[in-house]
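A.B. asks: First the structure, then my questions, so here it is.
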Amino acid sequence: MVDATTANKSAITLTSAPGKVLVLGGYLVLDPNYSGLVVGTDASLYAAVQEQDIDFSDADSSAGDENVPILAVSPQFTSAWWKYVFDAKSNKLAQLDSADGSENRFVHVVLAVTLGLVNHYTSDSLKRFSTQRDGQDASRGLKIVLSADNDFYSQRVALAKLRLDLSSESLRRLPRMCETGTKLKNVHKTGLGSSAAMVTSLVASIFVHFGIVSSHILGPDRCFDSKSMRGLQLIHNVAQFAHCLAQGKVGSGFDVSAAVYGSHVYCRFAPAVINDAMGDTQTVADIAKAVSPENPGWNGAVGRVDIPPRFLLRLADVDSGSNTPSMVKKVLQWQEAHPEESSKLWKSLDAANSQIRDIWTKLASSHKKDAVEYNKAIDWCSVHKSSEWKSAPGLSNSPTLALLCGLVEEILRVRKFQRDLSRNAGVLIEPPEQTELLDACMEVPGVCMAAVPGAGGYDAIFCVTLGQRPSKDVERLWADWKSMRVGPLLANQAHSGVCVLDSKAFPEILAKF
């Protein structure tokens, strides 16, 4: 691997961005007329940036007066480092070297876009690199370390090597940010949106490092004034643009939005705002205009979501897998071929989704209004099956109980509509094997929701339980499940989005500098 010298290092800028779970709104979020409920997770991806002297002696090109050398490493994977040079004069990024000749399209695009914008917003920021040299081979540059919490990648192989079972207890015994033992291209992901979280955290770390966005707006005591919201909007717009550019297409954007804002109700932006700037002939000035928070083309919406107290999101990685792009393509083809039928189904799904969001809001309000009544209902329901809740003794007049019963009815309606879509489009959104598993989850006392997230398929499921006890019971069900290998994730729901962190709290990352 290419090493960086230890002298003359600056402070480390560390940011994180959470993973995501699209609880409601799969396929609907592609249409700006509909919305989805996306929940951010407490599992995050991290991007750390530090200025230091970087050795160019083994690269194919040496640093010039207008060039910024960059070393990016992803230490959880084997052979995962990339060496670049950014030409501040032409705003071009070139890859000089890598561990195995590979490219990392997402890292490359983010660096090219963000450094070009840094140079555009404040041309003096990159000049200090051309004036700080250390001999012939070492040049002042940037070292970037990319790391992720373990939940982003399947830990089945790591657990097997340690002869540990597939359980939360075993997962907690693994070191934080543990090595995957494989190359990036071969890793088995769990569907938390690692590329969107990486892109967002890297955009944020570079913008904070160069002062484009103040670290205060991403801190724990952030205030949501107009200046702060503009900074978040800039990170969001640039991350959306870079993510789409790296993918070669404009997606729904909910995963990047979750990485920026955390849990929220999401309504997508018009794709034209990105499409117009994705051409090869676009200049940095064109990109800056496109991603500007003042650009009216960013017409999406981020709405507040209230996660009711004592609700606990549980996620499971199912060891099967689905081709999400292929599923989306088939659904869109069916939608185009059957506009009336699909419109009716979309509206039915949206109505059920809206009911669930409304119930969540009312449950949160119920707790604020009368916490004693709320907790009494939760206590009883947490130890009984949802099919028994309507007959709860002494709770016939409980508004919380009525809301919980309504929540169960609505999530079952959502699943029914998803199965209708499966049959109509010829896509296994809720496959029969998943139906069997989800029905069993709903029979566990204290479970109020169970479904496939996002586009569905065989990849994953989620459950919402009323506290820790039913959560443990759900995990026992998963452990005993025979038809598929169901592995729990440690991640739970979280409200916060992208943020700045104290690097001293992450020795695993500091050790890589």
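Ordering of the structure tokens sets the chain letters (A, B, ...); residue numbers start at 1 within each chain; ligands are numbered from 1 in the order shown.
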Any chance you could tabulate, as a Markdown table, the residues of stretch 279-337 of chain A at most 9 Å from stretch 19-31 of chain A with each one's nearest atom pair and distance in Å to one decimal, using only C-alpha atoms, in chain and rising number order?
C.D. replies:
```
| residue | atom | partner | partner_atom | distance |
| --- | --- | --- | --- | --- |
| A:Leu315 | CA | A:Val21 | CA | 8.8 |
| A:Val328 | CA | A:Tyr27 | CA | 7.2 |
| A:Val331 | CA | A:Tyr27 | CA | 8.0 |
| A:Leu332 | CA | A:Tyr27 | CA | 8.6 |
```
A.B. asks: Only N, CA and C atoms, please: the residues just picked out, written as a compact mmCIF listing (two decimals), in the first residue's frame.
C.D. replies:
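Generated file (again27.txt):
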```
# COMPACT_ATOMS: atom_id res chain seq x y z
N LEU A 315 -34.16 -5.19 12.32
CA LEU A 315 -33.85 -5.50 10.93
C LEU A 315 -33.21 -6.86 10.84
N VAL A 328 -37.47 -3.19 -10.15
CA VAL A 328 -38.00 -1.85 -10.41
C VAL A 328 -38.37 -1.70 -11.88
N VAL A 331 -41.66 -3.48 -12.60
CA VAL A 331 -42.80 -2.77 -12.02
C VAL A 331 -43.15 -1.55 -12.86
N LEU A 332 -42.14 -0.80 -13.28
CA LEU A 332 -42.38 0.39 -14.10
C LEU A 332 -42.96 0.01 -15.46
```
A.B. asks: Write out as a PyMOL selection string which residues come within 8 Å of A:Phe207 when counting only C-alpha atoms, dropping same-chain ones fewer than 6 positions away.
C.D. replies: chain A and resi 114+118+213
A.B. asks: Please return as a PyMOL selection string: the residues of stretch 188-311 of chain A that backbone DSSP assigns to alpha helix (DSSP H).
C.D. replies: chain A and resi 194-209+226-247+254-261+272-275+284-291
A.B. asks: Within 10 Å of stretch 95-113 of chain A, which residues of stretch 168-275 of chain A show up? Give each one with its shortest atom-to-atom distance in Å (one decimal) and the two atoms involved, counting only C-alpha atoms, rows by chain then rising residue number, as a Markdown table.
C.D. replies:
```
| residue | atom | partner | partner_atom | distance |
| --- | --- | --- | --- | --- |
| A:Leu184 | CA | A:Asn104 | CA | 9.1 |
| A:Lys185 | CA | A:Asn104 | CA | 9.4 |
| A:Ser195 | CA | A:Phe106 | CA | 7.4 |
| A:Ala196 | CA | A:Phe106 | CA | 9.2 |
| A:Met198 | CA | A:Val107 | CA | 8.4 |
| A:Val199 | CA | A:Val110 | CA | 6.6 |
| A:Thr200 | CA | A:Val110 | CA | 9.0 |
| A:Leu202 | CA | A:Val110 | CA | 7.3 |
| A:Val203 | CA | A:Val110 | CA | 6.6 |
| A:Ile206 | CA | A:Leu111 | CA | 8.5 |
| A:Val238 | CA | A:Val113 | CA | 8.0 |
| A:Ala239 | CA | A:Val110 | CA | 7.8 |
| A:Phe241 | CA | A:Val113 | CA | 8.8 |
| A:Ala242 | CA | A:Val110 | CA | 5.7 |
| A:His243 | CA | A:Phe106 | CA | 7.0 |
| A:Cys244 | CA | A:Phe106 | CA | 9.5 |
| A:Leu245 | CA | A:Val109 | CA | 7.2 |
| A:Ala246 | CA | A:Phe106 | CA | 5.3 |
| A:Gln247 | CA | A:Phe106 | CA | 7.9 |
```
A.B. asks: Convert the current residue selection to file output with all heavy atoms, as a short mmCIF file (atom, residue, chain, number, x, y, z; two decimals), in the first residue's frame.
C.D. replies:
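Listing of result.cif after writing:
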```cif
data_model
loop_
_atom_site.label_atom_id
_atom_site.label_comp_id
_atom_site.auth_asym_id
_atom_site.auth_seq_id
_atom_site.Cartn_x
_atom_site.Cartn_y
_atom_site.Cartn_z
N LEU A 184 -13.86 -5.14 -1.93
CA LEU A 184 -15.08 -4.34 -1.91
C LEU A 184 -16.12 -4.87 -2.90
O LEU A 184 -17.31 -4.94 -2.59
CB LEU A 184 -14.74 -2.88 -2.22
CG LEU A 184 -15.90 -1.90 -2.35
CD1 LEU A 184 -16.71 -1.86 -1.06
CD2 LEU A 184 -15.38 -0.51 -2.68
N LYS A 185 -15.68 -5.27 -4.08
CA LYS A 185 -16.61 -5.70 -5.11
C LYS A 185 -17.28 -7.03 -4.77
O LYS A 185 -18.32 -7.37 -5.35
CB LYS A 185 -15.90 -5.83 -6.47
CG LYS A 185 -14.82 -6.90 -6.50
CD LYS A 185 -14.17 -6.97 -7.88
CE LYS A 185 -13.10 -8.06 -7.93
NZ LYS A 185 -12.44 -8.13 -9.27
N SER A 195 -23.62 2.89 -0.20
CA SER A 195 -23.06 3.84 -1.17
C SER A 195 -23.60 5.24 -0.93
O SER A 195 -22.86 6.23 -1.00
CB SER A 195 -23.37 3.38 -2.60
OG SER A 195 -24.77 3.37 -2.86
N ALA A 196 -24.90 5.37 -0.62
CA ALA A 196 -25.48 6.69 -0.36
C ALA A 196 -24.90 7.29 0.91
O ALA A 196 -24.60 8.50 0.96
CB ALA A 196 -27.00 6.57 -0.24
N MET A 198 -21.94 6.58 2.23
CA MET A 198 -20.54 6.91 1.98
C MET A 198 -20.43 8.22 1.21
O MET A 198 -19.64 9.10 1.57
CB MET A 198 -19.86 5.79 1.19
CG MET A 198 -18.35 5.98 1.02
SD MET A 198 -17.87 7.13 -0.30
CE MET A 198 -18.37 6.18 -1.74
N VAL A 199 -21.22 8.35 0.15
CA VAL A 199 -21.20 9.56 -0.65
C VAL A 199 -21.52 10.78 0.22
O VAL A 199 -20.83 11.80 0.18
CB VAL A 199 -22.18 9.46 -1.83
CG1 VAL A 199 -22.41 10.82 -2.47
CG2 VAL A 199 -21.64 8.48 -2.87
N THR A 200 -22.56 10.66 1.02
CA THR A 200 -22.99 11.78 1.86
C THR A 200 -21.94 12.15 2.90
O THR A 200 -21.63 13.34 3.09
CB THR A 200 -24.31 11.44 2.56
OG1 THR A 200 -25.30 11.15 1.57
CG2 THR A 200 -24.79 12.60 3.43
N LEU A 202 -18.73 11.59 2.79
CA LEU A 202 -17.53 12.12 2.15
C LEU A 202 -17.75 13.54 1.64
O LEU A 202 -16.87 14.40 1.78
CB LEU A 202 -17.10 11.20 1.00
CG LEU A 202 -15.78 11.55 0.28
CD1 LEU A 202 -14.64 11.75 1.27
CD2 LEU A 202 -15.42 10.46 -0.74
N VAL A 203 -18.91 13.81 1.07
CA VAL A 203 -19.24 15.18 0.67
C VAL A 203 -19.18 16.10 1.88
O VAL A 203 -18.57 17.18 1.85
CB VAL A 203 -20.65 15.25 0.03
CG1 VAL A 203 -21.10 16.71 -0.11
CG2 VAL A 203 -20.65 14.57 -1.33
N ILE A 206 -15.50 16.75 3.31
CA ILE A 206 -14.70 17.66 2.49
C ILE A 206 -15.22 19.09 2.61
O ILE A 206 -14.44 20.04 2.77
CB ILE A 206 -14.70 17.20 1.02
CG1 ILE A 206 -13.90 15.89 0.89
CG2 ILE A 206 -14.10 18.27 0.11
CD1 ILE A 206 -13.91 15.28 -0.49
N VAL A 238 -25.53 18.15 -3.44
CA VAL A 238 -24.26 17.66 -4.00
C VAL A 238 -24.18 16.14 -3.89
O VAL A 238 -23.74 15.45 -4.81
CB VAL A 238 -23.06 18.33 -3.31
CG1 VAL A 238 -21.75 17.72 -3.80
CG2 VAL A 238 -23.06 19.83 -3.57
N ALA A 239 -24.60 15.60 -2.74
CA ALA A 239 -24.58 14.15 -2.56
C ALA A 239 -25.53 13.46 -3.54
O ALA A 239 -25.19 12.41 -4.12
CB ALA A 239 -24.94 13.79 -1.12
N PHE A 241 -26.44 14.60 -6.48
CA PHE A 241 -25.83 14.72 -7.81
C PHE A 241 -24.69 13.72 -7.99
O PHE A 241 -24.64 13.00 -8.99
CB PHE A 241 -25.33 16.15 -8.03
CG PHE A 241 -24.57 16.33 -9.31
CD1 PHE A 241 -25.24 16.41 -10.52
CD2 PHE A 241 -23.18 16.38 -9.31
CE1 PHE A 241 -24.54 16.55 -11.72
CE2 PHE A 241 -22.47 16.53 -10.49
CZ PHE A 241 -23.15 16.61 -11.70
N ALA A 242 -23.79 13.66 -7.01
CA ALA A 242 -22.63 12.76 -7.12
C ALA A 242 -23.07 11.30 -7.13
O ALA A 242 -22.52 10.48 -7.89
CB ALA A 242 -21.66 13.01 -5.96
N HIS A 243 -24.05 10.97 -6.31
CA HIS A 243 -24.53 9.58 -6.25
C HIS A 243 -25.15 9.17 -7.57
O HIS A 243 -24.90 8.06 -8.08
CB HIS A 243 -25.54 9.44 -5.11
CG HIS A 243 -25.85 8.01 -4.75
ND1 HIS A 243 -27.09 7.45 -4.96
CD2 HIS A 243 -25.08 7.04 -4.20
CE1 HIS A 243 -27.07 6.19 -4.54
NE2 HIS A 243 -25.87 5.92 -4.08
N CYS A 244 -25.95 10.04 -8.14
CA CYS A 244 -26.57 9.75 -9.44
C CYS A 244 -25.53 9.68 -10.55
O CYS A 244 -25.60 8.81 -11.43
CB CYS A 244 -27.62 10.80 -9.77
SG CYS A 244 -29.08 10.76 -8.71
N LEU A 245 -24.55 10.59 -10.51
CA LEU A 245 -23.50 10.59 -11.53
C LEU A 245 -22.69 9.31 -11.47
O LEU A 245 -22.34 8.72 -12.50
CB LEU A 245 -22.60 11.81 -11.33
CG LEU A 245 -21.59 12.11 -12.44
CD1 LEU A 245 -22.31 12.40 -13.76
CD2 LEU A 245 -20.72 13.31 -12.05
N ALA A 246 -22.40 8.84 -10.26
CA ALA A 246 -21.64 7.61 -10.10
C ALA A 246 -22.43 6.39 -10.57
O ALA A 246 -21.88 5.45 -11.14
CB ALA A 246 -21.22 7.43 -8.64
N GLN A 247 -23.74 6.42 -10.33
CA GLN A 247 -24.59 5.30 -10.76
C GLN A 247 -24.90 5.34 -12.25
O GLN A 247 -25.27 4.31 -12.83
CB GLN A 247 -25.92 5.32 -9.99
CG GLN A 247 -25.81 4.96 -8.53
CD GLN A 247 -27.17 4.86 -7.87
OE1 GLN A 247 -27.52 3.84 -7.31
NE2 GLN A 247 -27.97 5.91 -7.97
#
```
A.B. asks: A:Gln282, A:Ser483, A:Ser503, A:Gln434: which is nearest A:Phe462, counting only C-alpha atoms?
C.D. replies: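 For A:Phe462, the nearest of the candidates is A:Gln434.
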A.B. asks: With only C-alpha atoms as the counted atoms, please give the residues lying no more than 12 Å from A:Asn91, apart from itself and same-chain residues fewer than 4 positions off, as a PyMOL selection string.
C.D. replies: chain A and resi 66-68+85-87+111-120+123+126+282-285
A.B. asks: Env of A:Ile12: 10 Å cut, atoms = only C-alpha atoms, seq-sep filter 6 positions within chain, self excluded. Answer as a list in words.
C.D. replies: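 Once the nearby chain positions are removed, what remains is Ala48, Val49, Gln50, Glu51, Lys143, Ile144, Ser205, His209, Leu501, Asp502, Ser503, Lys504, Leu510 and Phe513 of chain A.
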A.B. asks: Counting only C-alpha atoms, figure out which residue out of A:Ala337, A:Leu164, A:Val447, A:Met484 gets nearest to A:Lys385.
C.D. replies: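 So, comparing all the options, the nearest one is A:Val447.
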A.B. asks: At what distance in Å, to one decimal, does atom CA of A:Val260 lie from atom CA of A:Arg176?
C.D. replies: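 Taking atom CA of A:Arg176 as the start and atom CA of A:Val260 as the end point, the length is 22.8 Å.
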A.B. asks: Do you know which residues are at most 7 Å from A:Phe152 counting only C-alpha atoms, after dropping those on the same chain fewer than 3 positions away, and could you put them as a ChimeraX atom specification?
C.D. replies: /A:148-149,189-190,192,194
A.B. asks: So how far away is atom CA of A:Ser16 from atom CA of A:Ser201, in Å?
C.D. replies: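 Going from atom CA of A:Ser201 over to atom CA of A:Ser16 covers 5.2 Å.
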A.B. asks: State, in Å with one decimal place, the distance from atom CA of A:Met449 to atom CA of A:Asn424.
C.D. replies: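 Between atom CA of A:Met449 and atom CA of A:Asn424 the gap works out to 24.3 Å.
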A.B. asks: I'd like to know which residues of stretch 68-280 of chain A are strand (DSSP E or B) (by DSSP, run on the backbone); could you write them as a PyMOL selection string?
C.D. replies: chain A and resi 68-73+81-87+92-98+133-134+138-148+153+189+264-267
A.B. asks: Tell me which of A:Cys441, A:Val256, A:Leu71, A:Val427 sits closest to A:Ser139, counting only C-alpha atoms.
C.D. replies: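 With only C-alpha atoms as the atom set, the closest residue is A:Leu71.
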